[in-house]
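Structure data follow from input35.cif (mmCIF, C-alpha atoms and all ligand atoms):
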```
data_model
loop_
_atom_site.label_atom_id
_atom_site.label_comp_id
_atom_site.auth_asym_id
_atom_site.auth_seq_id
_atom_site.Cartn_x
_atom_site.Cartn_y
_atom_site.Cartn_z
CA MET A 1 0.00 0.00 0.00
CA GLU A 2 1.30 3.43 -0.88
CA THR A 3 2.15 5.76 1.96
CA ILE A 4 -0.08 8.78 2.00
CA LYS A 5 1.90 11.98 1.52
CA THR A 6 1.11 15.04 3.53
CA LYS A 7 2.30 18.58 3.34
CA PRO A 8 3.83 20.03 6.48
CA THR A 9 1.38 22.05 8.54
CA LYS A 10 1.47 24.52 11.37
CA THR A 11 0.50 22.01 14.04
CA GLY A 12 1.67 18.80 12.37
CA MET A 13 -1.39 17.00 13.74
CA TYR A 14 -2.59 15.91 10.32
CA GLU A 15 0.75 14.30 9.58
CA ASN A 16 0.62 12.52 12.96
CA VAL A 17 -2.85 11.09 12.46
CA LEU A 18 -1.96 9.77 9.01
CA ARG A 19 1.22 8.15 10.29
CA GLN A 20 -0.70 6.52 13.15
CA TYR A 21 -3.39 5.36 10.74
CA ASN A 22 -0.99 3.93 8.17
CA GLN A 23 0.92 2.04 10.83
CA ALA A 24 -2.21 0.42 12.28
CA ALA A 25 -3.64 -0.30 8.82
CA ASP A 26 -0.39 -2.08 7.83
CA ILE A 27 -0.30 -4.20 10.99
CA MET A 28 -3.93 -5.32 10.85
CA GLY A 29 -3.97 -5.65 7.05
CA LEU A 30 -6.89 -3.28 6.57
CA HIS A 31 -8.81 -3.96 3.33
CA ASP A 32 -7.24 -1.84 0.56
CA GLY A 33 -10.44 -0.17 -0.64
CA ILE A 34 -11.61 0.66 2.87
CA ARG A 35 -8.17 2.02 3.60
CA LYS A 36 -8.60 4.44 0.70
CA ILE A 37 -12.02 5.51 1.93
CA LEU A 38 -10.87 6.21 5.49
CA VAL A 39 -7.74 8.14 4.62
CA ASN A 40 -9.96 10.73 2.97
CA THR A 41 -12.48 13.07 4.52
CA ASN A 42 -16.06 12.98 3.20
CA ASN A 43 -16.76 16.72 3.25
CA GLU A 44 -14.73 19.81 4.03
CA ILE A 45 -16.73 22.96 4.62
CA LEU A 46 -15.03 26.34 4.75
CA VAL A 47 -17.09 29.45 5.37
CA ASN A 48 -16.08 33.11 5.38
CA PHE A 49 -18.62 35.22 7.19
CA PRO A 50 -18.83 38.89 8.23
CA VAL A 51 -19.52 40.08 11.77
CA LYS A 52 -20.07 43.58 13.11
CA LEU A 53 -17.73 44.30 16.04
CA ASP A 54 -18.57 46.44 19.08
CA ASP A 55 -16.90 49.52 17.55
CA GLY A 56 -19.10 49.26 14.45
CA SER A 57 -16.35 47.92 12.15
CA ILE A 58 -16.81 44.74 10.15
CA GLU A 59 -14.46 41.76 10.32
CA VAL A 60 -14.57 38.64 8.16
CA PHE A 61 -13.89 35.35 9.95
CA THR A 62 -13.02 31.92 8.56
CA GLY A 63 -14.78 28.89 9.98
CA TYR A 64 -14.29 25.20 9.22
CA ARG A 65 -16.22 21.98 9.57
CA VAL A 66 -14.60 18.81 8.35
CA GLN A 67 -16.80 15.71 8.15
CA HIS A 68 -14.43 12.78 8.01
CA ASN A 69 -16.66 9.71 7.99
CA ASN A 70 -20.25 8.76 8.81
CA ALA A 71 -20.32 5.02 8.22
CA LEU A 72 -21.30 4.38 11.84
CA GLY A 73 -23.67 7.33 12.35
CA PRO A 74 -23.92 11.13 12.17
CA TYR A 75 -20.69 13.12 12.21
CA LYS A 76 -19.78 14.08 15.79
CA GLY A 77 -17.11 16.29 17.28
CA GLY A 78 -16.27 19.64 18.75
CA LEU A 79 -15.74 23.16 17.51
CA ARG A 80 -12.62 24.98 18.69
CA TYR A 81 -11.87 28.67 18.68
CA HIS A 82 -8.11 29.02 18.38
CA PRO A 83 -5.50 30.65 16.10
CA THR A 84 -4.16 27.18 15.11
CA VAL A 85 -7.48 26.10 13.58
CA ASP A 86 -7.00 25.49 9.86
CA ILE A 87 -8.15 22.90 7.37
CA ASP A 88 -5.42 20.39 8.27
CA ALA A 89 -6.02 20.72 12.01
CA ALA A 90 -9.75 20.19 11.43
CA ARG A 91 -9.01 17.14 9.24
CA ALA A 92 -6.78 15.57 11.87
CA LEU A 93 -9.21 16.24 14.70
CA ALA A 94 -12.15 14.95 12.65
CA MET A 95 -10.31 11.70 11.91
CA TRP A 96 -9.52 11.22 15.59
CA MET A 97 -13.24 11.63 16.30
CA THR A 98 -14.09 8.80 13.87
CA TRP A 99 -11.69 6.46 15.67
CA LYS A 100 -12.81 7.69 19.10
CA THR A 101 -16.54 7.09 18.59
CA ALA A 102 -15.85 3.70 16.99
CA ILE A 103 -13.67 2.56 19.92
CA VAL A 104 -16.32 3.22 22.55
CA GLY A 105 -19.10 1.83 20.37
CA LEU A 106 -21.12 5.00 19.78
CA PRO A 107 -23.45 5.28 16.76
CA TYR A 108 -21.46 8.22 15.40
CA GLY A 109 -18.91 9.17 12.80
CA GLY A 110 -16.28 11.86 13.14
CA GLY A 111 -16.24 15.59 12.48
CA LYS A 112 -14.47 18.65 13.81
CA GLY A 113 -14.24 22.32 13.10
CA GLY A 114 -13.93 25.75 14.50
CA ILE A 115 -12.86 29.28 13.84
CA GLN A 116 -9.33 30.60 13.44
CA ILE A 117 -9.56 33.19 16.17
CA ASP A 118 -8.10 34.18 19.54
CA PRO A 119 -11.33 34.51 21.54
CA SER A 120 -9.64 36.50 24.34
CA LYS A 121 -9.45 39.43 21.90
CA TYR A 122 -13.25 39.71 21.61
CA SER A 123 -16.02 40.78 23.98
CA GLN A 124 -18.80 38.38 24.99
CA SER A 125 -21.27 40.11 22.70
CA GLU A 126 -18.82 39.89 19.80
CA LEU A 127 -18.27 36.19 20.51
CA GLU A 128 -22.01 35.70 20.54
CA ARG A 129 -22.41 37.37 17.14
CA ILE A 130 -19.42 35.44 15.74
CA THR A 131 -20.90 32.14 16.97
CA ARG A 132 -24.39 32.88 15.71
CA ARG A 133 -23.18 34.03 12.32
CA PHE A 134 -20.90 30.96 12.02
CA THR A 135 -23.89 28.71 12.81
CA TYR A 136 -25.95 30.54 10.22
CA ALA A 137 -23.16 30.14 7.64
CA LEU A 138 -22.95 26.38 8.34
CA GLY A 139 -26.72 26.21 7.81
CA ASP A 140 -27.97 22.71 7.08
CA ASN A 141 -24.46 21.29 6.84
CA ILE A 142 -24.99 20.48 10.53
CA GLY A 143 -28.11 18.91 12.02
CA PRO A 144 -29.28 16.63 14.86
CA ASP A 145 -29.07 13.52 12.67
CA LEU A 146 -26.37 14.76 10.33
CA ASP A 147 -23.51 16.45 12.17
CA ILE A 148 -23.58 17.33 15.86
CA PRO A 149 -20.98 19.80 17.16
CA ALA A 150 -19.86 20.07 20.81
CA PRO A 151 -17.41 22.06 22.95
CA ASP A 152 -13.67 21.81 22.37
CA VAL A 153 -10.71 24.14 23.03
CA ASN A 154 -12.01 27.61 24.05
CA THR A 155 -15.66 26.78 23.48
CA ASN A 156 -18.14 26.10 26.28
CA ALA A 157 -21.76 25.47 27.24
CA ARG A 158 -22.76 29.08 26.63
CA ILE A 159 -21.44 28.94 23.06
CA MET A 160 -23.32 25.65 22.52
CA ALA A 161 -26.54 27.34 23.74
CA TRP A 162 -26.05 30.11 21.14
CA ILE A 163 -25.54 27.50 18.42
CA ALA A 164 -28.67 25.54 19.44
CA ASP A 165 -30.71 28.74 19.62
CA THR A 166 -29.52 30.05 16.26
CA TYR A 167 -29.92 26.73 14.49
CA SER A 168 -33.48 26.21 15.74
CA SER A 169 -34.43 29.86 15.20
CA ILE A 170 -33.87 29.50 11.47
CA LYS A 171 -36.17 26.45 11.33
CA SER A 172 -39.94 26.72 10.98
CA PRO A 173 -41.76 27.10 14.34
CA SER A 174 -43.33 23.64 14.25
CA VAL A 175 -39.96 21.85 14.23
CA ARG A 176 -37.89 24.17 16.42
CA GLN A 177 -38.15 22.04 19.57
CA LYS A 178 -37.05 18.97 17.65
CA ASN A 179 -33.66 20.46 16.95
CA MET A 180 -32.22 20.87 20.42
CA HIS A 181 -29.82 17.97 19.92
CA VAL A 182 -28.12 19.64 16.95
CA VAL A 183 -25.36 20.34 19.46
CA THR A 184 -24.24 18.75 22.75
CA GLY A 185 -22.49 20.24 25.76
CA LYS A 186 -25.34 22.72 26.29
CA PRO A 187 -26.05 24.26 29.72
CA VAL A 188 -28.20 21.99 31.90
CA GLY A 189 -31.03 24.55 31.83
CA SER A 190 -31.08 24.44 28.02
CA GLY A 191 -31.25 20.72 27.37
CA GLY A 192 -27.73 19.95 28.58
CA LEU A 193 -26.77 16.81 30.49
CA GLU A 194 -25.83 16.70 34.17
CA GLY A 195 -22.18 15.71 34.13
CA ARG A 196 -21.33 16.63 30.52
CA ASP A 197 -19.16 19.43 31.93
CA ARG A 198 -16.90 16.97 33.79
CA ALA A 199 -17.26 14.00 31.43
CA THR A 200 -13.88 14.31 29.69
CA GLY A 201 -11.81 14.88 32.86
CA PHE A 202 -13.76 12.20 34.70
CA GLY A 203 -13.12 9.79 31.82
CA VAL A 204 -9.38 10.56 31.88
CA VAL A 205 -9.32 9.52 35.54
CA CYS A 206 -11.41 6.37 34.87
CA ASN A 207 -8.67 5.38 32.42
CA ILE A 208 -5.91 6.18 34.90
CA LYS A 209 -7.70 4.01 37.48
CA LYS A 210 -7.80 1.13 35.01
CA TRP A 211 -4.11 1.60 34.28
CA ALA A 212 -3.25 1.62 38.00
CA LYS A 213 -5.31 -1.50 38.59
CA SER A 214 -3.66 -3.43 35.77
CA ALA A 215 -0.20 -2.28 36.91
CA GLN A 216 -1.17 -3.24 40.50
CA LYS A 217 -0.38 0.25 41.72
CA GLU A 218 -2.17 2.48 44.25
CA LEU A 219 -3.17 5.95 43.03
CA ASN A 220 -3.26 7.15 46.61
CA GLY A 221 0.09 8.87 47.19
CA MET A 222 1.06 9.12 43.51
CA THR A 223 2.05 12.47 42.02
CA PHE A 224 0.87 14.10 38.79
CA ILE A 225 1.24 17.20 36.64
CA VAL A 226 -1.31 18.75 34.27
CA GLN A 227 -0.82 20.84 31.15
CA GLY A 228 -3.84 23.05 30.49
CA PHE A 229 -6.25 24.09 33.22
CA GLY A 230 -9.41 24.40 31.15
CA ASN A 231 -12.37 22.08 31.43
CA VAL A 232 -10.38 18.86 30.92
CA GLY A 233 -7.33 19.79 33.01
CA TYR A 234 -9.35 21.04 35.95
CA TRP A 235 -11.81 18.14 36.15
CA ALA A 236 -9.08 15.53 35.68
CA SER A 237 -7.12 17.18 38.53
CA HIS A 238 -10.23 17.30 40.68
CA PHE A 239 -11.05 13.59 40.25
CA LEU A 240 -7.45 12.41 40.49
CA SER A 241 -6.91 14.40 43.70
CA LYS A 242 -9.98 12.64 45.09
CA GLU A 243 -8.17 9.35 44.51
CA GLY A 244 -5.40 10.62 46.81
CA ALA A 245 -2.90 11.66 44.12
CA LYS A 246 -0.96 14.91 44.54
CA LEU A 247 -0.99 17.67 41.90
CA LEU A 248 2.64 18.86 41.76
CA ALA A 249 2.53 21.29 38.84
CA VAL A 250 0.24 22.96 36.36
CA GLN A 251 1.06 24.71 33.10
CA ASP A 252 -1.23 26.94 31.07
CA ALA A 253 -0.65 29.62 28.45
CA SER A 254 0.08 32.18 31.21
CA ALA A 255 2.59 30.31 33.43
CA THR A 256 4.04 27.08 34.84
CA ILE A 257 3.54 26.72 38.58
CA ALA A 258 4.78 23.99 40.95
CA SER A 259 4.41 23.05 44.60
CA ALA A 260 6.10 20.19 46.48
CA GLU A 261 3.13 20.08 48.90
CA GLY A 262 0.70 19.80 45.99
CA PHE A 263 -2.09 22.09 44.76
CA ASP A 264 -5.76 22.00 45.63
CA PRO A 265 -7.37 22.02 42.14
CA ASP A 266 -10.61 23.58 43.39
CA ASP A 267 -8.80 26.48 45.03
CA LEU A 268 -6.66 26.96 41.92
CA LEU A 269 -9.80 27.01 39.77
CA LYS A 270 -11.29 29.71 41.98
CA TYR A 271 -8.11 31.77 41.58
CA ALA A 272 -8.05 31.28 37.79
CA ALA A 273 -11.73 32.25 37.49
CA GLU A 274 -10.88 35.61 39.04
CA ASN A 275 -7.88 36.07 36.72
CA ASP A 276 -9.30 35.74 33.21
CA GLY A 277 -8.85 31.98 33.45
CA ASN A 278 -5.07 32.26 34.06
CA ILE A 279 -3.07 30.49 36.78
CA LYS A 280 -0.21 33.01 36.75
CA GLY A 281 0.33 34.68 40.12
CA TYR A 282 -1.30 31.93 42.23
CA GLU A 283 0.17 32.48 45.69
CA HIS A 284 0.68 28.81 46.67
CA GLY A 285 3.76 27.32 45.04
CA SER A 286 6.31 28.97 42.79
CA GLU A 287 6.70 29.74 39.11
CA LEU A 288 8.96 27.59 36.92
CA GLU A 289 10.34 28.17 33.45
CA ASP A 290 8.00 26.60 30.89
CA GLN A 291 10.61 24.30 29.38
CA HIS A 292 11.15 22.47 32.72
CA PHE A 293 7.54 21.38 33.03
CA PHE A 294 7.65 17.92 31.45
CA ALA A 295 10.92 17.11 33.26
CA ILE A 296 9.24 17.26 36.67
CA ASP A 297 9.66 14.05 38.64
CA CYS A 298 6.13 12.61 38.91
CA ASP A 299 4.14 9.43 38.28
CA ILE A 300 1.46 10.69 35.91
CA ILE A 301 1.39 13.39 33.22
CA ILE A 302 -1.92 14.66 31.87
CA PRO A 303 -1.46 16.83 28.78
CA ALA A 304 -4.85 18.55 28.50
CA ALA A 305 -4.13 21.48 26.19
CA LEU A 306 -3.18 21.43 22.52
CA GLY A 307 -1.62 19.02 20.03
CA ASN A 308 2.10 18.23 19.64
CA GLN A 309 3.22 19.40 23.07
CA ILE A 310 5.45 16.38 23.71
CA THR A 311 7.89 16.13 20.83
CA ALA A 312 11.18 14.39 20.07
CA ASP A 313 12.88 17.42 21.66
CA ASN A 314 11.36 17.24 25.14
CA SER A 315 10.35 13.58 25.44
CA MET A 316 13.78 12.46 26.68
CA GLN A 317 13.36 14.43 29.91
CA ILE A 318 10.13 12.71 30.89
CA LYS A 319 10.33 10.58 34.04
CA ALA A 320 6.64 9.75 34.59
CA LYS A 321 5.30 6.18 34.51
CA VAL A 322 2.26 7.01 32.42
CA ILE A 323 0.95 9.79 30.17
CA ALA A 324 -2.84 10.09 30.00
CA GLU A 325 -3.77 12.09 26.92
CA GLY A 326 -6.55 14.46 27.92
CA ALA A 327 -5.88 16.57 24.81
CA ASN A 328 -6.16 15.37 21.23
CA GLY A 329 -2.79 14.55 19.68
CA PRO A 330 -0.50 15.91 22.43
CA ILE A 331 2.37 13.49 21.61
CA SER A 332 4.08 13.47 18.22
CA VAL A 333 4.72 10.13 16.50
CA ASP A 334 8.49 10.50 16.94
CA ALA A 335 8.13 11.39 20.63
CA GLU A 336 5.95 8.34 21.19
CA LYS A 337 8.71 6.04 19.91
CA ILE A 338 11.15 7.52 22.42
CA LEU A 339 8.66 7.33 25.30
CA LEU A 340 7.77 3.69 24.62
CA ARG A 341 11.46 2.82 24.35
CA ASN A 342 11.94 4.41 27.78
CA GLY A 343 9.17 2.24 29.23
CA ILE A 344 6.65 5.06 29.66
CA GLU A 345 3.07 3.97 29.13
CA ILE A 346 0.64 6.06 27.12
CA ILE A 347 -3.15 6.02 27.41
CA PRO A 348 -3.99 7.24 23.90
CA ASP A 349 -6.27 10.25 23.34
CA ILE A 350 -8.85 8.36 21.30
CA LEU A 351 -9.53 6.24 24.38
CA CYS A 352 -8.38 8.50 27.21
CA ASN A 353 -10.45 11.61 26.44
CA SER A 354 -13.47 9.84 24.97
CA GLY A 355 -15.51 10.39 28.16
CA GLY A 356 -16.50 13.74 26.63
CA VAL A 357 -18.12 12.35 23.52
CA ILE A 358 -19.70 9.52 25.53
CA GLY A 359 -21.29 12.24 27.71
CA SER A 360 -22.41 13.98 24.51
CA TYR A 361 -24.05 10.78 23.31
CA TYR A 362 -26.11 10.57 26.50
CA GLU A 363 -27.09 14.24 26.18
CA TRP A 364 -28.21 13.58 22.60
CA LEU A 365 -30.21 10.53 23.67
CA GLN A 366 -31.72 12.44 26.59
CA ASN A 367 -32.91 15.17 24.19
CA LYS A 368 -34.25 12.67 21.67
CA ARG A 369 -36.23 10.89 24.38
CA SER A 370 -37.24 14.02 26.30
CA GLU A 371 -35.76 12.57 29.48
CA ASN A 372 -33.56 13.89 32.30
CA TRP A 373 -30.88 11.76 33.89
CA LYS A 374 -29.10 12.17 37.22
CA LEU A 375 -25.40 12.93 37.57
CA ASP A 376 -24.54 9.61 39.25
CA THR A 377 -26.31 7.61 36.57
CA VAL A 378 -24.49 9.52 33.82
CA LEU A 379 -21.04 9.08 35.37
CA GLU A 380 -21.67 5.39 35.90
CA MET A 381 -22.70 4.92 32.26
CA ILE A 382 -19.59 6.77 31.07
CA GLU A 383 -17.29 4.69 33.28
CA ASP A 384 -18.88 1.45 32.04
CA LYS A 385 -18.30 2.25 28.38
CA LEU A 386 -14.72 3.36 29.06
CA ASN A 387 -13.90 0.24 31.07
CA ASP A 388 -15.15 -2.00 28.27
CA ALA A 389 -13.11 -0.09 25.70
CA TYR A 390 -10.01 -0.18 27.93
CA ASP A 391 -10.28 -3.97 28.33
CA ARG A 392 -10.82 -4.52 24.61
CA ILE A 393 -7.78 -2.41 23.72
CA THR A 394 -5.61 -4.22 26.28
CA GLU A 395 -6.69 -7.53 24.76
CA VAL A 396 -5.95 -6.40 21.19
CA SER A 397 -2.61 -4.95 22.20
CA LYS A 398 -1.62 -8.40 23.53
CA ILE A 399 -2.92 -10.25 20.46
CA TYR A 400 -1.00 -8.05 18.01
CA ASN A 401 1.85 -7.20 20.38
CA VAL A 402 1.42 -3.48 19.70
CA SER A 403 1.22 -0.24 21.70
CA SER A 404 -2.09 0.86 23.22
CA ARG A 405 -2.49 3.51 20.54
CA THR A 406 -2.07 1.06 17.68
CA ALA A 407 -4.40 -1.36 19.46
CA ALA A 408 -6.98 1.41 19.84
CA TYR A 409 -6.73 2.12 16.10
CA ILE A 410 -7.13 -1.57 15.31
CA VAL A 411 -10.29 -1.76 17.44
CA ALA A 412 -11.74 1.27 15.63
CA LEU A 413 -10.68 0.19 12.15
CA LYS A 414 -12.02 -3.36 12.60
CA ARG A 415 -15.42 -1.94 13.50
CA LEU A 416 -15.43 0.34 10.46
CA GLU A 417 -14.10 -2.39 8.17
CA LEU A 418 -16.88 -4.76 9.24
CA THR A 419 -19.54 -2.13 8.54
CA TYR A 420 -18.18 -1.45 5.05
CA LYS A 421 -17.87 -5.14 4.30
CA GLU A 422 -21.46 -5.81 5.39
CA ARG A 423 -22.89 -2.84 3.58
CA GLY A 424 -20.75 -2.61 0.46
CA VAL A 425 -20.18 0.56 -1.50
CA PHE A 426 -23.02 2.27 -3.35
CA PRO A 427 -24.02 1.78 -6.15
N1 LIG B 501 -14.38 18.01 21.64
C1 LIG B 501 -14.50 16.78 22.36
C2 LIG B 501 -13.56 15.73 21.78
O1 LIG B 501 -12.57 16.05 21.19
C3 LIG B 501 -15.92 16.32 22.49
C4 LIG B 501 -16.64 16.00 21.22
C5 LIG B 501 -18.12 15.71 21.39
O2 LIG B 501 -18.59 15.65 22.51
O3 LIG B 501 -18.77 15.57 20.36
O4 LIG B 501 -13.73 14.57 21.99
#
```
Just give me the structure of the file as structure tokens.
Ligand code: GLU
Amino acid sequence: METIKTKPTKTGMYENVLRQYNQAADIMGLHDGIRKILVNTNNEILVNFPVKLDDGSIEVFTGYRVQHNNALGPYKGGLRYHPTVDIDAARALAMWMTWKTAIVGLPYGGGKGGIQIDPSKYSQSELERITRRFTYALGDNIGPDLDIPAPDVNTNARIMAWIADTYSSIKSPSVRQKNMHVVTGKPVGSGGLEGRDRATGFGVVCNIKKWAKSAQKELNGMTFIVQGFGNVGYWASHFLSKEGAKLLAVQDASATIASAEGFDPDDLLKYAAENDGNIKGYEHGSELEDQHFFAIDCDIIIPAALGNQITADNSMQIKAKVIAEGANGPISVDAEKILLRNGIEIIPDILCNSGGVIGSYYEWLQNKRSENWKLDTVLEMIEDKLNDAYDRITEVSKIYNVSSRTAAYIVALKRLELTYKERGVFP
């Protein structure tokens, strides 16, 4: 099989996902035709849309939605607002969503998108107009049974509520209420699910618990560090601290802070909330230079920020026993080789952070059925699905003698391959 060529990109994530895919496809002997289908994206939507800013001027923004594959169900995946969003980043992230939903057995395909923007430069009312106009520009390219966006980097429940409201407002009155599940991750008062806010971070910790159990290790007394203190980083820290592990350091875009006694994630969150979301200046602990972060002596690393943070350049310094990928694509392919050689385990993103999309699935179901579920029920259902996926991946990694990531790909690709083989290709 030919190797798929890629052009270098800003983030390099697209190159990483294709290298991961090709490696797994080679090892499992993925059917040639299906391999060609899955290396491509189904649809790539790019929209340029104008928005009036607070000062009366007009700015034109570029938004993306890449729909990678829908063999298993509607496209599903987040929207991120970040300067690194471009077509290749959206492609990579959409592909990861296809694998992610397949691994945990959800009736979804994969999509991803967003706007190339630094949201901190805009007021809330500008962000609202940008979001609403983006939704309007996407029009019927999204839909509750077609493509269902969700939160991602720099997007939150409030933004999802604006999307749901805009999307249903442009429908005829008789069908407006039927469109609430066009987006997941909404506020609980607007059709959102109890627990969707913590689902990703909670899921990361479910995976860490499984890892500890299989390694016959106690989480109580272990140490960890977290990169990114947004929704995923905070909730993962919260749940892991509850297991008795100590948070030694946190890094976000504003600073790297460390404390030998360990941080209280809830107190740090309170501080960050009062400081535009930044951890810089937190009085407990001291500030470190950014480049020393991954070298910190600890048991667990949770990268929960952006892609390609652990590269061939900094992976040699890592001393942790395990890296739990809260973010999508935080470890480059070359870095992964070094880490595995050094005996460091990796819980791959497409398993590790899939608690978020599992939560989204239950929100979508809840909306479809006009039901309301309790927090405990939701968390239990998420943990169940993750535990099954973890066990399946462990089994496949033993059968093929491959890393967890490659095993996770094989699980996903086998599911997709079976569907294509059963269904055939139209006409
Ligand atoms: N953005 C999240 C992810 O990368 C959630 C996607 C979703 O809930 O659809 O998995």
Margin query: Need to verify the contact set: A:Gln317, 10 Å, all atoms listed in the file, exclusion of same-chain residues closer than 6 positions in sequence. Can you return it as a ChimeraX atom specification?
Written below: /A:292-297,339
Margin query: 7 Å from ligand LIG 501 (chain B) is the threshold here; counting only C-alpha atoms and all ligand atoms, which polymer residues fall inside it? Answer as JSON, numbers by chain.
Written below: {"A": [76, 77, 78, 79, 97, 148, 149, 150, 151, 152, 184, 185, 328, 353, 354, 356, 357, 358, 359, 360]}
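Distances from A:Met381, A:Leu269, A:Ala89, A:Ile208 to A:Glu345 were compared using all atoms listed in the file, and the smallest one belongs to A:Ile208.
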Next item on the list: Pick out the residues sitting within 10 Å of A:Lys280, and hand them over as an MDAnalysis selection string; count only C-alpha atoms, and ignore anything fewer than 5 positions along from it in its own chain.
Entry: chainID A and resid 251:257 271:272 275 286:287
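Atom CA of A:Asp118 is positioned 16.1 Å from atom CA of A:Asp54.
Counting all atoms listed in the file, the residue from A:Glu194, A:Asp147, A:Asp349, A:Asp86 that sits nearest to A:Val182 is A:Asp147.
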Note to self: When you count all atoms listed in the file, which of these residues is closest to A:Asn16: A:Thr84, A:Gly230, A:Leu46, A:Thr311?
What the structure shows: A:Thr311
Next item on the list: Have a look at A:Lys270, A:Lys171, A:His238, A:Arg423 and name the one nearest to A:Arg198; count only C-alpha atoms.
Entry: A:His238
Next item on the list: Might you pull out every residue within 10 Å of stretch 201-207 of chain A, with all atoms listed in the file counted and same-chain residues fewer than 2 positions away left off, and present them as a PyMOL selection string?
Entry: chain A and resi 195-199+209-213+230-241+243+302+304+324-327+347-349+351-356+358-359+379+382-387+389-390
Next item on the list: Enter the distance from atom CA of A:Arg65 to atom CA of A:Phe229, in Å, rounded to one decimal.
Entry: 25.8 Å
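Taking atom CA of A:Glu371 and atom CA of A:Ala94 as the two end points, the separation is 29.1 Å.
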Margin query: Neighbouring residues of A:Gly56 were defined as those with any atom within 12 Å, considering all atoms listed in the file; residues of the same chain fewer than 4 positions away were excluded. Please report them as a list in words.
Written below: Val51, Lys52 and Glu126 of chain A
Margin query: Taking only C-alpha atoms into account, name the residue in A:Phe224, A:Phe263, A:Trp99, A:Tyr21 that is nearest to A:Ala320.
Written below: A:Phe224
Could you name the residues that touch A:Lys178 at 12 Å or less, counting all atoms listed in the file, but leaving out those on the same chain fewer than 3 positions away, as a CSV table (one decimal) with C-alpha atoms, in the frame of the given file?
```
chain,number,residue,atom,x,y,z
A,143,GLY,CA,-28.1,18.9,12.0
A,144,PRO,CA,-29.3,16.6,14.9
A,145,ASP,CA,-29.1,13.5,12.7
A,164,ALA,CA,-28.7,25.5,19.4
A,165,ASP,CA,-30.7,28.7,19.6
A,167,TYR,CA,-29.9,26.7,14.5
A,168,SER,CA,-33.5,26.2,15.7
A,169,SER,CA,-34.4,29.9,15.2
A,171,LYS,CA,-36.2,26.4,11.3
A,172,SER,CA,-39.9,26.7,11.0
A,173,PRO,CA,-41.8,27.1,14.3
A,174,SER,CA,-43.3,23.6,14.2
A,175,VAL,CA,-40.0,21.8,14.2
A,181,HIS,CA,-29.8,18.0,19.9
A,182,VAL,CA,-28.1,19.6,17.0
A,183,VAL,CA,-25.4,20.3,19.5
A,191,GLY,CA,-31.2,20.7,27.4
A,364,TRP,CA,-28.2,13.6,22.6
A,367,ASN,CA,-32.9,15.2,24.2
A,368,LYS,CA,-34.2,12.7,21.7
A,369,ARG,CA,-36.2,10.9,24.4
A,370,SER,CA,-37.2,14.0,26.3
```
Next item on the list: List every protein, DNA or RNA residue with an atom no more than 12 Å from (-17.5, 29.1, 15.7) in the file's coordinates, counting all atoms listed in the file, and format the result as a PyMOL selection string.
Entry: chain A and resi 46-49+51+61-65+78-82+85+112-119+126-138+149-156+159-160+162-163
